[in-house]
Amino acid sequence: MDEPPAPDGAEVTDAADLPGARDGFERLWTPHRMAYVRGEKPSSDRGEGCPFCAAPQRSDSEGLIVHRGQHCYVVLNLFPYNPGHMLVCPYRHVPLYLDLDDGETAEFTALTKAALRAVQQASDPAGVNIGMNQGEVAGAGVAVHLHQHIVPRWGGDMNFLPIIAQTKALPMLLEDVRQQLVEAWPEPPSSAGPAC
Ligand SMILES: [Zn+2]
């Protein structure tokens with residue numbers, strides 16, 4: 001399953017053989033990292049083969065991890081709608097927001113807000129879509145493991161969900177986006193810290 005990374009300057013890589021949540025888009029970019037294991041399918045109740053259980057087990061760079069908390073973490077979407085498309089996930093393999101305990105819920109919210117601050121600092125989007133799709137019928141690509149989308153938006157990009165077009169140009173490599181967000185990630189709040 002180990003394949004050499006695409007050489008720099010490669011023009012177009014078809015993502016059709018990558019696992020994950022498909023959204024009908026082809027993407028024009030030059031991926032140089034394989035963030036998720038080839039062939040994994042999120043089918044098990046125990047999290048076997050689940051990309052959101054697998055990602056935190058990798059290095060930050062290989063797993064596209066932006067931030068690790070105690071109960072939840074933030075990862076770049078391998079199939080982003082826009083550059084900086086992050087996912088907030090509990091480490092625990094649960095499908096529903098209602099499955100989170102109090103500690104997970106609090107950190108899920110805190111990391112969502114931190115991610116919003118980071119993306120604001122990193123790329124100053126004109127808007128942001130935030131949301132969870134629970135269940136495949138609701139549009140969840142990996143319904144077995146809860147994740148909250150944070151999608152930065154700019155004027156002239158496409159509509160969030162009802163997108164019909166099949167190709168989307170992504171101007172930044174995932175690792176570059178990840179580094180930018182890590183550098184922009186806010187400091188933990190302190191009583192003496194400046195208000196954000
Ligand atoms: Zn999982």
# chains A, B, ... in the order shown; residues from 1 in each chain; ligands from 1

call {"tool": "residues_around", "arguments": {"residues": "Cys53 in chain A", "least_positions_apart": "6", "cutoff": "7 Å", "atoms": "only C-alpha atoms", "output": "PyMOL selection string"}}
result
chain A and resi 47+91+93

call {"tool": "write_last_selection", "arguments": {"atoms": "C-alpha atoms", "output": "PDB file, in the first residue's frame"}}
result
ATOM      1  CA  GLY A  47     -13.756   1.662  14.564  1.00  0.00           C
ATOM      2  CA  TYR A  91     -11.275  10.270  19.590  1.00  0.00           C
ATOM      3  CA  HIS A  93     -15.733   6.026  17.739  1.00  0.00           C
TER       4      HIS A  93
END

call {"tool": "residues_near_ligand", "arguments": {"ligand": "ligand 1", "cutoff": "8 Å", "atoms": "only C-alpha atoms and all ligand atoms", "output": "list in words"}}
result
Pro42, Arg46, Gly47, Glu48, Gly49, Cys50, Pro51, Phe52, Cys53, Ala54, Tyr91, Arg92, His93, Val94, Val144, His145 and Leu146 of chain A

call {"tool": "write_last_selection", "arguments": {"atoms": "N, CA, C and O atoms", "output": "tab-separated table (two decimals), in the first residue's frame"}}
result
chain	number	residue	atom	x	y	z
A	42	PRO	N	-14.93	2.61	6.34
A	42	PRO	CA	-15.49	2.79	7.67
A	42	PRO	C	-16.76	1.98	7.85
A	42	PRO	O	-17.85	2.47	7.66
A	46	ARG	N	-16.68	-0.97	15.76
A	46	ARG	CA	-15.57	-0.83	16.71
A	46	ARG	C	-14.50	0.12	16.21
A	46	ARG	O	-13.49	0.31	16.86
A	47	GLY	N	-14.71	0.70	15.06
A	47	GLY	CA	-13.76	1.66	14.56
A	47	GLY	C	-12.68	1.08	13.68
A	47	GLY	O	-11.81	1.81	13.22
A	48	GLU	N	-12.71	-0.22	13.43
A	48	GLU	CA	-11.72	-0.80	12.54
A	48	GLU	C	-11.92	-0.26	11.13
A	48	GLU	O	-13.02	-0.30	10.59
A	49	GLY	N	-10.86	0.26	10.57
A	49	GLY	CA	-10.97	0.81	9.24
A	49	GLY	C	-11.57	2.19	9.19
A	49	GLY	O	-11.80	2.72	8.11
A	50	CYS	N	-11.82	2.77	10.33
A	50	CYS	CA	-12.42	4.11	10.35
A	50	CYS	C	-11.31	5.15	10.19
A	50	CYS	O	-10.37	5.18	10.98
A	51	PRO	N	-11.43	6.04	9.22
A	51	PRO	CA	-10.36	7.02	9.02
A	51	PRO	C	-10.21	7.99	10.18
A	51	PRO	O	-9.12	8.50	10.42
A	52	PHE	N	-11.29	8.22	10.92
A	52	PHE	CA	-11.21	9.16	12.04
A	52	PHE	C	-10.69	8.49	13.31
A	52	PHE	O	-10.33	9.17	14.26
A	53	CYS	N	-10.68	7.18	13.34
A	53	CYS	CA	-9.96	6.47	14.41
A	53	CYS	C	-8.48	6.30	14.02
A	53	CYS	O	-7.61	6.30	14.89
A	54	ALA	N	-8.22	6.18	12.73
A	54	ALA	CA	-6.85	5.93	12.28
A	54	ALA	C	-6.00	7.20	12.30
A	54	ALA	O	-4.81	7.15	12.63
A	91	TYR	N	-12.10	11.46	19.80
A	91	TYR	CA	-11.28	10.27	19.59
A	91	TYR	C	-12.14	9.02	19.61
A	91	TYR	O	-11.86	8.05	18.91
A	92	ARG	N	-13.18	9.05	20.41
A	92	ARG	CA	-14.03	7.89	20.58
A	92	ARG	C	-14.87	7.66	19.33
A	92	ARG	O	-15.37	8.60	18.72
A	93	HIS	N	-15.02	6.41	18.96
A	93	HIS	CA	-15.73	6.03	17.74
A	93	HIS	C	-17.23	6.00	18.01
A	93	HIS	O	-17.82	4.95	18.30
A	94	VAL	N	-17.85	7.17	17.95
A	94	VAL	CA	-19.30	7.27	18.17
A	94	VAL	C	-19.91	8.05	17.01
A	94	VAL	O	-19.29	8.96	16.47
A	144	VAL	N	-20.27	6.65	10.76
A	144	VAL	CA	-20.03	5.89	11.98
A	144	VAL	C	-19.19	6.65	13.00
A	144	VAL	O	-19.09	6.23	14.15
A	145	HIS	N	-18.59	7.74	12.59
A	145	HIS	CA	-17.72	8.49	13.53
A	145	HIS	C	-18.04	9.98	13.38
A	145	HIS	O	-17.80	10.57	12.33
A	146	LEU	N	-18.56	10.52	14.45
A	146	LEU	CA	-19.00	11.91	14.45
A	146	LEU	C	-17.87	12.86	14.02
A	146	LEU	O	-16.73	12.69	14.44

call {"tool": "residues_around", "arguments": {"residues": "Arg153 in chain A", "least_positions_apart": "6", "cutoff": "6 Å", "atoms": "only C-alpha atoms", "output": "JSON, numbers by chain"}}
result
{"A": [125, 126, 127, 128]}

call {"tool": "residues_around", "arguments": {"residues": "Gly84 in chain A", "least_positions_apart": "2", "cutoff": "9 Å", "atoms": "only C-alpha atoms", "output": "tab-separated table (two decimals) with C-alpha atoms, in the first residue's frame"}}
result
chain	number	residue	atom	x	y	z
A	76	LEU	CA	-7.93	18.45	7.72
A	77	ASN	CA	-10.49	16.90	5.44
A	80	PRO	CA	-11.86	19.52	1.21
A	81	TYR	CA	-14.56	21.75	-0.18
A	82	ASN	CA	-12.18	24.65	0.24
A	86	MET	CA	-11.25	21.08	8.98
A	119	VAL	CA	-8.82	29.76	10.08
A	122	ALA	CA	-4.72	32.00	8.68
A	123	SER	CA	-6.86	32.94	5.72
A	150	ILE	CA	-15.59	23.75	9.40
A	151	VAL	CA	-15.51	25.06	5.85
A	152	PRO	CA	-14.08	28.51	5.14
A	174	LEU	CA	-2.91	19.96	2.34
A	177	VAL	CA	-2.73	24.39	4.76
A	178	ARG	CA	-2.09	22.28	7.84
A	180	GLN	CA	-0.66	27.46	8.25
A	181	LEU	CA	-3.45	26.46	10.61

call {"tool": "residues_around", "arguments": {"residues": "Leu87 in chain A", "least_positions_apart": "6", "cutoff": "6 Å", "atoms": "only C-alpha atoms", "output": "list in words"}}
result
Val74, Val75, His147, Gln148 and His149 of chain A

call {"tool": "write_last_selection", "arguments": {"atoms": "all heavy atoms", "output": "tab-separated table (two decimals), in the first residue's frame"}}
result
chain	number	residue	atom	x	y	z
A	74	VAL	N	-8.57	17.86	15.86
A	74	VAL	CA	-8.95	18.57	14.64
A	74	VAL	C	-8.05	18.09	13.52
A	74	VAL	O	-6.82	18.03	13.67
A	74	VAL	CB	-8.82	20.09	14.82
A	74	VAL	CG1	-9.27	20.82	13.56
A	74	VAL	CG2	-9.63	20.56	16.03
A	75	VAL	N	-8.66	17.75	12.40
A	75	VAL	CA	-7.92	17.18	11.28
A	75	VAL	C	-8.39	17.87	9.99
A	75	VAL	O	-9.54	18.31	9.91
A	75	VAL	CB	-8.16	15.65	11.20
A	75	VAL	CG1	-9.62	15.33	10.95
A	75	VAL	CG2	-7.27	14.98	10.18
A	147	HIS	N	-18.21	13.83	13.22
A	147	HIS	CA	-17.23	14.86	12.86
A	147	HIS	C	-17.97	16.13	12.49
A	147	HIS	O	-19.02	16.08	11.85
A	147	HIS	CB	-16.32	14.40	11.72
A	147	HIS	CG	-17.03	13.89	10.51
A	147	HIS	ND1	-17.63	12.64	10.47
A	147	HIS	CD2	-17.26	14.44	9.31
A	147	HIS	CE1	-18.17	12.44	9.28
A	147	HIS	NE2	-17.98	13.53	8.56
A	148	GLN	N	-17.43	17.23	12.91
A	148	GLN	CA	-18.02	18.53	12.59
A	148	GLN	C	-17.19	19.22	11.51
A	148	GLN	O	-15.99	19.40	11.67
A	148	GLN	CB	-18.08	19.41	13.84
A	148	GLN	CG	-18.43	20.86	13.56
A	148	GLN	CD	-19.44	21.40	14.54
A	148	GLN	OE1	-20.64	21.28	14.36
A	148	GLN	NE2	-18.93	21.99	15.60
A	149	HIS	N	-17.87	19.63	10.45
A	149	HIS	CA	-17.18	20.32	9.36
A	149	HIS	C	-17.01	21.80	9.69
A	149	HIS	O	-17.94	22.44	10.20
A	149	HIS	CB	-18.00	20.22	8.07
A	149	HIS	CG	-18.11	18.85	7.51
A	149	HIS	ND1	-17.29	18.38	6.50
A	149	HIS	CD2	-18.95	17.83	7.81
A	149	HIS	CE1	-17.63	17.14	6.20
A	149	HIS	NE2	-18.63	16.77	6.98

call {"tool": "select_by_dssp", "arguments": {"residues": "range 47-147 of chain A", "states": "alpha helix (DSSP H)", "output": "PyMOL selection string"}}
result
chain A and resi 51-54+60-63+102-123

call {"tool": "select_by_dssp", "arguments": {"residues": "range 127-164 of chain A", "states": "strand (DSSP E)", "output": "number ranges by chain"}}
result
A: 127-132, 148-153

call {"tool": "residues_around", "arguments": {"residues": "range 62-68 of chain A", "least_positions_apart": "2", "cutoff": "9 Å", "atoms": "only C-alpha atoms", "output": "PyMOL selection string"}}
result
chain A and resi 33-36+54-60+70-78+86+111+115+174-175+178-179+181-182+185

call {"tool": "closest_residue", "arguments": {"among": "A:Ala114, A:Met172, A:Leu100, A:Val137", "to": "Gly69 in chain A", "atoms": "only C-alpha atoms"}}
result
A:Ala114

call {"tool": "closest_residue", "arguments": {"among": "A:Leu116, A:Ala138, A:Ala184, A:Ala143", "to": "Pro95 in chain A", "atoms": "only C-alpha atoms"}}
result
A:Ala143
